[in-house]
file work-v7.csv (CSV, C-alpha atoms)
chain,number,residue,atom,x,y,z
B,922,MET,CA,-96.3,13.0,-16.1
B,923,ASP,CA,-95.2,10.6,-18.7
B,924,LEU,CA,-92.4,8.5,-17.1
B,925,GLN,CA,-92.1,6.4,-20.3
B,926,LEU,CA,-93.1,3.2,-18.5
B,927,ARG,CA,-95.8,2.2,-21.0
B,928,GLY,CA,-95.7,-1.4,-21.9
B,929,LYS,CA,-93.5,-2.5,-19.0
B,930,THR,CA,-94.5,-5.1,-16.5
B,931,ALA,CA,-94.5,-4.5,-12.8
B,932,ILE,CA,-95.1,-6.8,-9.8
B,933,VAL,CA,-96.5,-5.2,-6.7
B,934,THR,CA,-96.7,-7.4,-3.6
B,935,GLY,CA,-99.5,-6.5,-1.2
B,936,GLY,CA,-100.8,-4.5,-4.2
B,937,ALA,CA,-104.5,-4.7,-3.6
B,938,ARG,CA,-104.7,-2.6,-0.5
B,939,GLY,CA,-103.1,0.3,1.3
B,940,ILE,CA,-99.8,1.7,0.0
B,941,GLY,CA,-99.6,-1.2,-2.4
B,942,LYS,CA,-102.9,-0.2,-3.9
B,943,GLY,CA,-101.5,3.3,-4.5
B,944,CYS,CA,-98.4,1.8,-6.2
B,945,THR,CA,-100.7,-0.3,-8.4
B,946,ILE,CA,-102.7,2.7,-9.4
B,947,ALA,CA,-99.7,4.9,-10.1
B,948,LEU,CA,-97.9,2.3,-12.3
B,949,ALA,CA,-101.1,1.5,-14.2
B,950,GLU,CA,-101.7,5.2,-14.9
B,951,GLU,CA,-98.2,5.3,-16.3
B,952,GLY,CA,-99.0,2.5,-18.7
B,953,CYS,CA,-97.6,-0.5,-16.9
B,954,ASN,CA,-99.2,-3.9,-16.9
B,955,VAL,CA,-99.3,-4.9,-13.2
B,956,VAL,CA,-99.2,-8.3,-11.5
B,957,VAL,CA,-101.0,-7.6,-8.2
B,958,ALA,CA,-99.8,-10.1,-5.7
B,959,ASP,CA,-101.7,-10.3,-2.5
B,960,LEU,CA,-102.5,-12.9,0.2
B,961,SER,CA,-106.0,-13.1,-1.3
B,962,HIS,CA,-108.3,-11.1,-3.6
B,963,ASP,CA,-111.9,-10.6,-2.6
B,964,ASP,CA,-114.8,-9.3,-4.8
B,965,GLY,CA,-113.9,-5.7,-3.7
B,966,THR,CA,-110.3,-5.9,-4.8
B,967,ARG,CA,-111.2,-7.6,-8.1
B,968,ALA,CA,-113.8,-4.9,-8.9
B,969,PHE,CA,-111.1,-2.3,-8.1
B,970,LEU,CA,-108.7,-3.9,-10.5
B,971,GLN,CA,-111.3,-4.3,-13.2
B,972,GLU,CA,-112.2,-0.6,-13.0
B,973,LEU,CA,-108.6,0.5,-13.0
B,974,ALA,CA,-107.8,-1.7,-16.1
B,975,GLU,CA,-110.8,-0.2,-18.0
B,976,ARG,CA,-109.8,3.3,-17.1
B,977,THR,CA,-106.1,3.0,-17.9
B,978,GLY,CA,-106.2,0.4,-20.7
B,979,VAL,CA,-103.6,-1.8,-19.1
B,980,THR,CA,-103.8,-5.4,-17.9
B,981,LEU,CA,-104.0,-6.1,-14.2
B,982,LEU,CA,-103.4,-9.6,-13.1
B,983,PRO,CA,-104.4,-10.6,-9.5
B,984,VAL,CA,-102.3,-13.4,-8.1
B,985,ASP,CA,-103.0,-15.0,-4.7
B,986,GLY,CA,-100.0,-16.0,-2.6
B,987,ASP,CA,-98.1,-15.7,0.6
B,988,VAL,CA,-94.9,-14.0,-0.2
B,989,SER,CA,-93.3,-15.0,3.0
B,990,GLN,CA,-93.0,-18.4,1.4
B,991,GLU,CA,-90.0,-19.0,-0.8
B,992,GLN,CA,-91.9,-20.9,-3.6
B,993,THR,CA,-94.4,-18.1,-3.9
B,994,ALA,CA,-91.8,-15.8,-5.4
B,995,GLN,CA,-91.1,-18.2,-8.2
B,996,ASP,CA,-94.9,-18.7,-8.7
B,997,ILE,CA,-95.4,-14.9,-9.1
B,998,ILE,CA,-92.6,-14.4,-11.5
B,999,HIS,CA,-93.8,-17.3,-13.6
B,1000,ALA,CA,-97.3,-15.9,-13.6
B,1001,ALA,CA,-95.9,-12.6,-14.8
B,1002,LEU,CA,-93.9,-14.2,-17.6
B,1003,ASP,CA,-96.7,-16.4,-18.7
B,1004,ALA,CA,-99.1,-13.4,-18.9
B,1005,PHE,CA,-96.8,-10.7,-20.3
B,1006,GLY,CA,-93.5,-12.3,-21.4
B,1007,ARG,CA,-91.4,-9.9,-19.3
B,1008,VAL,CA,-90.9,-8.4,-15.9
B,1009,ASP,CA,-89.3,-5.0,-15.6
B,1010,ILE,CA,-90.2,-3.7,-12.1
B,1011,LEU,CA,-90.6,-5.1,-8.6
B,1012,VAL,CA,-92.3,-3.3,-5.8
B,1013,ASN,CA,-91.8,-5.0,-2.5
B,1014,ASN,CA,-94.7,-3.6,-0.4
B,1015,ALA,CA,-96.1,-6.7,1.5
B,1016,GLY,CA,-95.6,-6.7,5.2
B,1017,ARG,CA,-97.2,-6.8,8.6
B,1018,GLY,CA,-97.3,-4.5,11.5
B,1019,ALA,CA,-95.7,-5.0,14.9
B,1020,ILE,CA,-96.9,-7.5,17.4
B,1021,ARG,CA,-97.5,-5.0,20.2
B,1022,LYS,CA,-95.9,-6.7,23.2
B,1023,PRO,CA,-92.9,-5.8,25.4
B,1024,PHE,CA,-89.7,-7.2,23.9
B,1025,HIS,CA,-89.1,-9.7,26.8
B,1026,GLN,CA,-92.6,-11.2,26.4
B,1027,LEU,CA,-92.2,-11.9,22.6
B,1028,THR,CA,-92.3,-15.5,21.6
B,1029,THR,CA,-90.0,-16.9,18.9
B,1030,GLU,CA,-93.0,-17.5,16.6
B,1031,GLU,CA,-94.2,-13.9,17.0
B,1032,TRP,CA,-90.7,-12.6,16.1
B,1033,ARG,CA,-90.4,-14.9,13.1
B,1034,SER,CA,-93.9,-14.0,11.8
B,1035,VAL,CA,-93.0,-10.3,11.4
B,1036,GLN,CA,-89.6,-11.0,10.0
B,1037,GLU,CA,-90.9,-13.5,7.5
B,1038,ILE,CA,-93.6,-11.3,6.0
B,1039,THR,CA,-91.9,-8.0,6.2
B,1040,LEU,CA,-88.2,-8.8,5.5
B,1041,ASN,CA,-87.9,-12.3,4.1
B,1042,SER,CA,-90.6,-11.6,1.5
B,1043,GLN,CA,-88.4,-8.8,0.1
B,1044,PHE,CA,-85.4,-11.1,0.0
B,1045,PHE,CA,-87.3,-14.0,-1.8
B,1046,MET,CA,-88.9,-11.7,-4.4
B,1047,SER,CA,-85.8,-9.7,-5.0
B,1048,ARG,CA,-83.6,-12.7,-5.4
B,1049,VAL,CA,-85.8,-14.3,-8.1
B,1050,PHE,CA,-86.3,-10.9,-9.9
B,1051,VAL,CA,-82.5,-10.2,-9.9
B,1052,LYS,CA,-81.7,-13.7,-11.2
B,1053,LEU,CA,-84.2,-13.2,-14.1
B,1054,CYS,CA,-82.7,-9.8,-15.0
B,1055,ARG,CA,-79.2,-11.2,-14.9
B,1056,ASP,CA,-80.1,-14.3,-16.9
B,1057,LEU,CA,-81.8,-12.2,-19.6
B,1058,GLU,CA,-79.1,-9.4,-19.4
B,1059,GLN,CA,-81.8,-6.8,-19.0
B,1060,PRO,CA,-82.1,-3.8,-16.7
B,1061,GLY,CA,-84.6,-3.7,-13.9
B,1062,ALA,CA,-85.9,-1.6,-11.0
B,1063,ILE,CA,-86.8,-2.7,-7.5
B,1064,VAL,CA,-88.4,-0.4,-4.9
B,1065,ASN,CA,-88.8,-1.6,-1.3
B,1066,ILE,CA,-91.3,0.0,1.0
B,1067,LEU,CA,-89.4,0.8,4.2
B,1068,SER,CA,-90.5,2.7,7.3
B,1069,LYS,CA,-89.3,5.6,9.3
B,1070,SER,CA,-89.2,3.2,12.2
B,1071,ALA,CA,-85.9,1.9,10.7
B,1072,PHE,CA,-84.3,5.3,11.3
B,1073,THR,CA,-86.0,6.9,14.3
B,1074,THR,CA,-88.7,5.8,16.7
B,1075,ASN,CA,-90.0,6.6,20.1
B,1076,SER,CA,-92.8,4.0,20.0
B,1077,VAL,CA,-92.8,1.1,22.5
B,1078,ASP,CA,-93.6,-2.5,22.0
B,1079,ASN,CA,-92.5,-2.2,18.4
B,1080,THR,CA,-89.2,-4.1,18.2
B,1081,THR,CA,-90.4,-6.8,15.8
B,1082,TYR,CA,-91.4,-4.2,13.2
B,1083,ILE,CA,-88.4,-1.9,13.8
B,1084,SER,CA,-86.0,-4.8,13.3
B,1085,ALA,CA,-87.7,-6.1,10.1
B,1086,LYS,CA,-87.8,-2.7,8.5
B,1087,ALA,CA,-84.2,-1.9,9.5
B,1088,GLY,CA,-83.3,-5.2,7.8
B,1089,ALA,CA,-85.2,-4.2,4.7
B,1090,TYR,CA,-83.2,-0.9,4.6
B,1091,GLY,CA,-79.9,-2.9,4.8
B,1092,LEU,CA,-81.2,-5.3,2.2
B,1093,THR,CA,-82.0,-2.4,-0.1
B,1094,LYS,CA,-78.5,-0.9,0.1
B,1095,GLY,CA,-76.8,-4.3,-0.2
B,1096,ILE,CA,-78.6,-5.3,-3.4
B,1097,ALA,CA,-78.3,-1.8,-4.8
B,1098,ASN,CA,-74.5,-2.0,-4.4
B,1099,GLU,CA,-74.2,-5.4,-6.0
B,1100,MET,CA,-76.6,-4.9,-8.8
B,1101,ALA,CA,-75.9,-1.4,-10.0
B,1102,PRO,CA,-73.2,-2.5,-12.5
B,1103,TYR,CA,-75.8,-4.7,-14.2
B,1104,GLY,CA,-78.4,-2.0,-14.7
B,1105,ILE,CA,-80.6,-3.1,-11.9
B,1106,ARG,CA,-81.5,-0.2,-9.7
B,1107,VAL,CA,-82.7,-0.7,-6.2
B,1108,ASN,CA,-84.2,2.0,-3.9
B,1109,GLY,CA,-86.5,2.3,-1.0
B,1110,VAL,CA,-89.4,4.6,-0.1
B,1111,VAL,CA,-90.0,5.7,3.5
B,1112,PRO,CA,-93.7,6.5,4.1
B,1113,GLY,CA,-94.9,8.6,6.9
B,1114,TYR,CA,-98.4,8.5,8.3
B,1115,VAL,CA,-100.5,7.2,5.4
B,1116,GLN,CA,-104.3,7.1,5.6
B,1117,THR,CA,-105.5,3.8,4.2
B,1118,GLU,CA,-108.6,1.5,4.4
B,1119,ARG,CA,-107.2,0.2,7.7
B,1120,THR,CA,-105.4,3.2,9.3
B,1121,TYR,CA,-106.5,6.5,10.7
B,1122,PRO,CA,-110.3,6.4,10.1
B,1123,ASP,CA,-111.9,9.8,9.7
B,1124,GLY,CA,-113.8,11.0,12.8
B,1125,ASP,CA,-111.8,8.9,15.2
B,1126,ALA,CA,-110.4,10.8,18.1
B,1127,ARG,CA,-106.9,9.4,17.8
B,1128,THR,CA,-106.9,10.2,14.1
B,1129,GLU,CA,-107.7,13.8,14.8
B,1130,ARG,CA,-105.0,14.0,17.6
B,1131,MET,CA,-102.4,12.6,15.2
B,1132,ARG,CA,-103.4,14.9,12.4
B,1133,LYS,CA,-102.7,18.0,14.5
B,1134,LEU,CA,-99.2,16.7,15.3
B,1135,LEU,CA,-98.2,16.3,11.7
B,1136,PRO,CA,-96.1,19.1,10.1
B,1137,THR,CA,-98.4,19.2,7.1
B,1138,ARG,CA,-101.6,18.8,9.3
B,1139,ARG,CA,-102.8,16.0,7.0
B,1140,PHE,CA,-102.1,12.4,6.4
B,1141,ALA,CA,-100.5,11.2,3.2
B,1142,THR,CA,-102.4,9.1,0.7
B,1143,PRO,CA,-101.4,5.8,-0.9
B,1144,ILE,CA,-101.3,7.4,-4.4
B,1145,GLU,CA,-98.8,9.9,-3.2
B,1146,MET,CA,-96.5,7.1,-2.2
B,1147,GLY,CA,-97.3,5.3,-5.4
B,1148,ARG,CA,-96.2,8.2,-7.6
B,1149,VAL,CA,-92.8,8.4,-5.9
B,1150,VAL,CA,-92.4,4.6,-6.5
B,1151,ALA,CA,-93.3,5.0,-10.2
B,1152,PHE,CA,-90.8,7.8,-10.5
B,1153,LEU,CA,-88.0,5.6,-9.0
B,1154,CYS,CA,-88.9,2.9,-11.4
B,1155,SER,CA,-88.4,5.2,-14.4
B,1156,ASP,CA,-85.3,6.3,-16.2
B,1157,CYS,CA,-86.0,9.8,-14.8
B,1158,ALA,CA,-84.4,8.4,-11.6
B,1159,SER,CA,-81.5,6.7,-13.4
B,1160,GLN,CA,-78.9,8.2,-10.9
B,1161,ILE,CA,-80.9,7.3,-7.8
B,1162,ILE,CA,-79.4,4.1,-6.5
B,1163,GLY,CA,-79.6,2.7,-2.9
B,1164,ALA,CA,-81.6,5.6,-1.7
B,1165,ALA,CA,-84.2,5.7,1.0
B,1166,VAL,CA,-86.5,8.4,-0.2
B,1167,ASP,CA,-88.1,10.3,2.7
B,1168,CYS,CA,-91.8,10.6,2.0
B,1169,THR,CA,-92.8,11.2,5.6
B,1170,GLY,CA,-94.2,14.7,5.2
B,1171,GLY,CA,-91.6,16.2,7.4
B,1172,THR,CA,-92.0,13.8,10.4
B,1173,MET,CA,-88.3,12.9,10.4
B,1174,LEU,CA,-87.1,16.5,10.5
call {"tool": "encode", "arguments": {"input": "work-v7.csv", "output": "structure tokens"}}
result
Amino acid sequence: MDLQLRGKTAIVTGGARGIGKGCTIALAEEGCNVVVADLSHDDGTRAFLQELAERTGVTLLPVDGDVSQEQTAQDIIHAALDAFGRVDILVNNAGRGAIRKPFHQLTTEEWRSVQEITLNSQFFMSRVFVKLCRDLEQPGAIVNILSKSAFTTNSVDNTTYISAKAGAYGLTKGIANEMAPYGIRVNGVVPGYVQTERTYPDGDARTERMRKLLPTRRFATPIEMGRVVAFLCSDCASQIIGAAVDCTGGTML
């Protein structure tokens, strides 16, 4: 599907692995140049980016950085502008999972570490991106990767992650409300159970138990999430503002 994104520039945080990798692939296949921001890039991720660039004919720029740090947001935006002269799309995917401990045993540092990576990074990146769009009087699109844990959960020892993702949902709606008059659309995607390099390995007993419980009887893939993200970044989604798009494969029914 041609979403008419060719020639645009996207930033994807945590874009070298997992759901972020799916977003990078989907945007590149739609013709976007992509700044792939991640904590680090090893030989494997660089080889993946080179292959994807050769296949799609776009430029993929790996940038190392910790997006939980305020200055990193500035550095990533500057890298994008230096390389491409423009930034049109921001996908806030970077985050970390829960620290699995009972709530009353959590330390302040443990609490902060999840909030900083999962929630604060979206604030830092979005603030710099929105300021750029406002200063240049240009439209833009932000997609935040959320979680069904922000809406419904029966998992235990998960409060750090639930709270961070609930905050990300509120952030999404707040920015969307403020920025819609300026042509900056902000939405969120709510993944379900996505099989990545680090989750739900084939042949694992727990994986097979989980698979049987899913309404679709299969895990989602990162590229499936990425294609929804790419759609939300396009003018095809021009009337979708402040939404949290349910991509959970029916697990929130």
call {"tool": "atom_distance", "arguments": {"input": "work-v7.csv", "atom1": "CA of Leu1057 in chain B", "atom2": "CA of Arg1007 in chain B"}}
result
9.9 Å
call {"tool": "residues_around", "arguments": {"input": "work-v7.csv", "residues": "Ala1000 in chain B", "least_positions_apart": "3", "cutoff": "12 Å", "atoms": "all atoms listed in the file", "output": "list in words"}}
result
Thr930, Ala931, Ile932, Val955, Val956, Val957, Ala958, Leu981, Leu982, Pro983, Val984, Asp985, Gly986, Thr993, Ala994, Gln995, Asp996, Ile997, Asp1003, Ala1004, Phe1005, Gly1006, Arg1007 and Val1008 of chain B
call {"tool": "atom_distance", "arguments": {"input": "work-v7.csv", "atom1": "CA of Val1107 in chain B", "atom2": "CA of Thr966 in chain B"}}
result
28.1 Å
call {"tool": "residues_around", "arguments": {"input": "work-v7.csv", "residues": "Ala1101 in chain B", "least_positions_apart": "5", "cutoff": "10 Å", "atoms": "all atoms listed in the file", "output": "count of residues only"}}
result
7
call {"tool": "closest_residue", "arguments": {"input": "work-v7.csv", "among": "B:Gln1116, B:Ile1063, B:Ala1141, B:Lys1069", "to": "Ala1097 in chain B", "atoms": "all atoms listed in the file"}}
result
B:Ile1063
call {"tool": "closest_residue", "arguments": {"input": "work-v7.csv", "among": "B:Thr1172, B:Trp1032, B:Ile1105, B:Pro1136", "to": "Gln1160 in chain B", "atoms": "only C-alpha atoms"}}
result
B:Ile1105
call {"tool": "build_atoms", "arguments": {"input": "work-v7.csv", "residues": "range 1125-1136 of chain B", "atoms": "all heavy atoms", "output": "short mmCIF file (atom, residue, chain, number, x, y, z; two decimals), in the frame of the given file"}}
result
data_model
loop_
_atom_site.label_atom_id
_atom_site.label_comp_id
_atom_site.auth_asym_id
_atom_site.auth_seq_id
_atom_site.Cartn_x
_atom_site.Cartn_y
_atom_site.Cartn_z
N ASP B 1125 -112.29 9.54 13.97
CA ASP B 1125 -111.80 8.90 15.20
C ASP B 1125 -110.95 9.89 15.98
O ASP B 1125 -110.19 10.69 15.43
CB ASP B 1125 -110.88 7.71 14.74
CG ASP B 1125 -110.28 6.98 15.92
OD1 ASP B 1125 -111.01 6.24 16.59
OD2 ASP B 1125 -109.07 7.18 16.17
N ALA B 1126 -111.09 9.86 17.29
CA ALA B 1126 -110.40 10.80 18.10
C ALA B 1126 -108.90 10.73 18.02
O ALA B 1126 -108.20 11.76 17.96
CB ALA B 1126 -110.85 10.64 19.60
N ARG B 1127 -108.38 9.52 17.97
CA ARG B 1127 -106.90 9.40 17.80
C ARG B 1127 -106.47 9.90 16.49
O ARG B 1127 -105.40 10.53 16.40
CB ARG B 1127 -106.56 7.87 17.95
CG ARG B 1127 -105.07 7.60 17.75
CD ARG B 1127 -104.74 6.13 17.98
NE ARG B 1127 -103.34 5.86 17.72
CZ ARG B 1127 -102.85 5.54 16.52
NH1 ARG B 1127 -103.67 5.44 15.48
NH2 ARG B 1127 -101.56 5.29 16.37
N THR B 1128 -107.23 9.67 15.43
CA THR B 1128 -106.90 10.20 14.10
C THR B 1128 -106.74 11.71 14.16
O THR B 1128 -105.78 12.28 13.62
CB THR B 1128 -107.95 9.80 13.08
OG1 THR B 1128 -107.97 8.38 12.93
CG2 THR B 1128 -107.67 10.44 11.72
N GLU B 1129 -107.69 12.37 14.79
CA GLU B 1129 -107.70 13.80 14.80
C GLU B 1129 -106.49 14.33 15.68
O GLU B 1129 -105.88 15.35 15.35
CB GLU B 1129 -108.99 14.36 15.36
CG GLU B 1129 -110.17 14.04 14.46
CD GLU B 1129 -109.88 14.37 12.99
OE1 GLU B 1129 -109.43 15.51 12.71
OE2 GLU B 1129 -110.08 13.49 12.14
N ARG B 1130 -106.16 13.64 16.76
CA ARG B 1130 -105.00 14.00 17.60
C ARG B 1130 -103.72 13.89 16.73
O ARG B 1130 -102.86 14.78 16.76
CB ARG B 1130 -104.91 13.16 18.82
CG ARG B 1130 -105.93 13.47 19.89
CD ARG B 1130 -105.52 12.88 21.23
NE ARG B 1130 -105.32 11.45 21.16
CZ ARG B 1130 -106.28 10.54 21.37
NH1 ARG B 1130 -107.51 10.95 21.66
NH2 ARG B 1130 -106.01 9.25 21.30
N MET B 1131 -103.60 12.79 16.00
CA MET B 1131 -102.40 12.60 15.20
C MET B 1131 -102.30 13.61 14.07
O MET B 1131 -101.22 14.13 13.81
CB MET B 1131 -102.48 11.17 14.54
CG MET B 1131 -102.21 10.03 15.49
SD MET B 1131 -100.50 10.03 16.09
CE MET B 1131 -99.60 9.97 14.55
N ARG B 1132 -103.42 13.94 13.46
CA ARG B 1132 -103.40 14.90 12.40
C ARG B 1132 -102.83 16.25 12.80
O ARG B 1132 -102.05 16.88 12.09
CB ARG B 1132 -104.83 15.09 11.81
CG ARG B 1132 -104.89 15.77 10.45
CD ARG B 1132 -106.31 16.19 10.09
NE ARG B 1132 -107.30 15.14 10.30
CZ ARG B 1132 -107.62 14.22 9.39
NH1 ARG B 1132 -107.00 14.21 8.22
NH2 ARG B 1132 -108.56 13.32 9.66
N LYS B 1133 -103.19 16.68 13.99
CA LYS B 1133 -102.70 18.00 14.50
C LYS B 1133 -101.23 17.98 14.79
O LYS B 1133 -100.61 19.05 14.84
CB LYS B 1133 -103.52 18.34 15.75
CG LYS B 1133 -104.99 18.64 15.47
CD LYS B 1133 -105.76 18.87 16.76
CE LYS B 1133 -107.24 19.10 16.47
NZ LYS B 1133 -108.03 19.28 17.72
N LEU B 1134 -100.66 16.80 14.99
CA LEU B 1134 -99.20 16.70 15.30
C LEU B 1134 -98.35 16.67 14.05
O LEU B 1134 -97.14 16.87 14.12
CB LEU B 1134 -98.95 15.46 16.15
CG LEU B 1134 -99.56 15.45 17.55
CD1 LEU B 1134 -99.34 14.09 18.20
CD2 LEU B 1134 -98.99 16.56 18.41
N LEU B 1135 -98.95 16.43 12.90
CA LEU B 1135 -98.20 16.30 11.70
C LEU B 1135 -97.76 17.66 11.14
O LEU B 1135 -98.56 18.61 11.16
CB LEU B 1135 -99.00 15.56 10.60
CG LEU B 1135 -99.44 14.14 10.97
CD1 LEU B 1135 -100.32 13.54 9.88
CD2 LEU B 1135 -98.23 13.25 11.23
N PRO B 1136 -96.54 17.82 10.64
CA PRO B 1136 -96.10 19.10 10.10
C PRO B 1136 -97.02 19.65 9.01
O PRO B 1136 -97.24 20.85 8.92
CB PRO B 1136 -94.70 18.81 9.56
CG PRO B 1136 -94.20 17.68 10.40
CD PRO B 1136 -95.42 16.83 10.66
#
